[in-house]
file coords.cif (mmCIF, C-alpha atoms)
data_work
loop_
_atom_site.label_atom_id
_atom_site.label_comp_id
_atom_site.auth_asym_id
_atom_site.auth_seq_id
_atom_site.Cartn_x
_atom_site.Cartn_y
_atom_site.Cartn_z
CA MET A 47 59.50 70.39 190.38
CA GLY A 48 62.09 69.97 187.69
CA LYS A 49 65.80 69.87 187.04
CA VAL A 50 67.94 72.78 186.05
CA PHE A 51 71.29 71.66 184.71
CA VAL A 52 74.15 73.92 185.78
CA ASP A 53 77.88 74.21 185.43
CA ALA A 54 79.87 73.65 188.58
CA ILE A 55 83.36 74.69 189.57
CA VAL A 56 84.64 71.65 191.42
CA LYS A 57 87.67 70.75 193.52
CA PHE A 58 88.95 67.21 193.00
CA THR A 59 90.66 65.79 196.08
CA LYS A 60 93.61 63.40 196.01
CA ASP A 61 91.14 60.64 196.96
CA GLY A 62 89.04 61.38 193.87
CA ASP A 63 86.19 63.11 195.70
CA LYS A 64 84.38 66.02 194.03
CA ILE A 65 83.70 69.10 196.17
CA PRO A 66 81.56 71.81 194.52
CA LEU A 67 82.91 75.33 195.01
CA GLU A 68 80.63 77.36 192.75
CA ILE A 69 77.39 76.94 190.79
CA VAL A 70 77.10 78.71 187.42
CA TRP A 71 73.71 79.27 185.77
CA ASP A 72 73.19 79.45 181.99
CA ASP A 73 72.85 83.24 182.17
CA GLY A 74 76.32 83.50 183.72
CA ARG A 75 75.30 84.17 187.32
CA LYS A 76 77.68 82.53 189.77
CA PHE A 77 76.89 81.41 193.29
CA GLU A 78 79.67 80.42 195.67
CA VAL A 79 79.06 77.31 197.76
CA ASP A 80 79.63 78.58 201.29
CA ARG A 81 79.81 75.09 202.74
CA VAL A 82 79.09 71.47 201.81
CA LEU A 83 77.03 70.10 204.69
CA ASP A 84 76.53 66.50 203.53
CA ILE A 85 77.40 64.20 200.64
CA THR A 86 75.41 61.03 200.04
CA LYS A 87 74.19 58.72 197.31
CA ALA A 88 70.54 59.60 196.86
CA ALA A 89 67.72 60.19 194.42
CA SER A 90 66.12 63.52 193.70
CA LEU A 91 62.63 62.84 194.98
CA LYS A 92 61.28 66.09 193.54
CA ALA A 93 62.86 66.08 190.08
CA GLY A 94 63.88 62.46 189.47
CA GLY A 95 67.33 61.06 188.90
CA ARG A 96 69.88 59.24 191.02
CA GLY A 97 73.45 59.96 191.89
CA ILE A 98 75.39 61.94 194.46
CA ARG A 99 73.44 64.53 196.45
CA TYR A 100 75.35 67.46 197.93
CA LYS A 101 73.57 69.37 200.66
CA CYS A 102 75.11 72.82 200.37
CA ARG A 103 74.77 76.23 201.95
CA VAL A 104 74.63 79.00 199.35
CA ARG A 105 74.07 82.58 200.52
CA GLY A 106 72.74 81.30 203.84
CA LYS A 107 70.19 78.95 202.23
CA GLU A 108 70.43 75.16 202.15
CA ILE A 109 70.07 73.63 198.69
CA TYR A 110 70.58 70.24 197.11
CA LEU A 111 73.02 69.98 194.23
CA PHE A 112 73.08 66.65 192.39
CA PHE A 113 75.78 64.96 190.32
CA ASP A 114 74.00 62.42 188.10
CA ASP A 115 75.18 60.77 184.89
CA GLU A 116 78.21 63.10 184.70
CA LYS A 117 75.97 66.21 184.91
CA TRP A 118 75.20 68.69 187.70
CA PHE A 119 71.66 69.87 188.46
CA VAL A 120 69.56 71.58 191.08
CA GLU A 121 65.87 71.12 191.80
CA THR A 122 63.61 74.01 190.86
CA THR A 123 59.97 74.93 190.63
CA ILE A 124 58.78 75.04 187.02
CA LYS A 125 56.25 77.80 186.35
#

call {"tool": "encode", "arguments": {"input": "coords.cif", "output": "structure tokens"}}
result
Amino acid sequence: MGKVFVDAIVKFTKDGDKIPLEIVWDDGRKFEVDRVLDITKAASLKAGGRGIRYKCRVRGKEIYLFFDDEKWFVETTIK
């Protein structure tokens, strides 16, 4: 497993929380976050790194999106 750094379109709440709305890959593909299911401080056990873990539903699939060291990434299988 590895990290893929992505751009994220994010809503900032009045309390300072970050809510991801969309994930944007380097090739320009955009994936809307249908729903944020959970937000917690956690490590990426598969790819390494610590920070905020967002459990999200994207196109009916649950994924983990991480905010670590001011960067967004998702876990991926490296081939």

call {"tool": "resolve_selection", "arguments": {"input": "coords.cif", "expression": "the PyMOL selection byres ((chain A and resi 105) around 12)", "output": "VMD selection string"}}
result
chain A and resid 68 to 69 76 to 81 102 to 104 106 to 109

call {"tool": "closest_residue", "arguments": {"input": "coords.cif", "among": "A:Asp115, A:Asp84, A:Asp73, A:Asp53", "to": "Tyr100 of chain A", "atoms": "all atoms listed in the file"}}
result
A:Asp84

call {"tool": "atom_distance", "arguments": {"input": "coords.cif", "atom1": "atom CA of Thr122 of chain A", "atom2": "atom CA of Lys49 of chain A"}}
result
6.0 Å

call {"tool": "residues_around", "arguments": {"input": "coords.cif", "residues": "Val50 of chain A", "least_positions_apart": "6", "cutoff": "8 Å", "atoms": "only C-alpha atoms", "output": "PyMOL selection string"}}
result
chain A and resi 119-122

call {"tool": "atom_distance", "arguments": {"input": "coords.cif", "atom1": "atom CA of Val70 of chain A", "atom2": "atom CA of Lys57 of chain A"}}
result
14.6 Å

call {"tool": "closest_residue", "arguments": {"input": "coords.cif", "among": "A:Val82, A:Leu67, A:Lys101, A:Arg96", "to": "Lys117 of chain A", "atoms": "only C-alpha atoms"}}
result
A:Arg96

call {"tool": "resolve_selection", "arguments": {"input": "coords.cif", "expression": "the PyMOL selection byres ((chain A and resi 63) around 12)", "output": "PDB file with C-alpha atoms, keeping the file's coordinate frame"}}
result
ATOM      1  CA  VAL A  56      84.640  71.650 191.420  1.00  0.00           C
ATOM      2  CA  LYS A  57      87.670  70.750 193.520  1.00  0.00           C
ATOM      3  CA  PHE A  58      88.950  67.210 193.000  1.00  0.00           C
ATOM      4  CA  THR A  59      90.660  65.790 196.080  1.00  0.00           C
ATOM      5  CA  LYS A  60      93.610  63.400 196.010  1.00  0.00           C
ATOM      6  CA  ASP A  61      91.140  60.640 196.960  1.00  0.00           C
ATOM      7  CA  GLY A  62      89.040  61.380 193.870  1.00  0.00           C
ATOM      8  CA  LYS A  64      84.380  66.020 194.030  1.00  0.00           C
ATOM      9  CA  ILE A  65      83.700  69.100 196.170  1.00  0.00           C
ATOM     10  CA  PRO A  66      81.560  71.810 194.520  1.00  0.00           C
ATOM     11  CA  ILE A  85      77.400  64.200 200.640  1.00  0.00           C
ATOM     12  CA  THR A  86      75.410  61.030 200.040  1.00  0.00           C
ATOM     13  CA  ILE A  98      75.390  61.940 194.460  1.00  0.00           C
ATOM     14  CA  TYR A 100      75.350  67.460 197.930  1.00  0.00           C
ATOM     15  CA  PHE A 113      75.780  64.960 190.320  1.00  0.00           C
TER      16      PHE A 113
END

call {"tool": "atom_distance", "arguments": {"input": "coords.cif", "atom1": "atom CA of Asp72 of chain A", "atom2": "atom CA of Trp118 of chain A"}}
result
12.3 Å
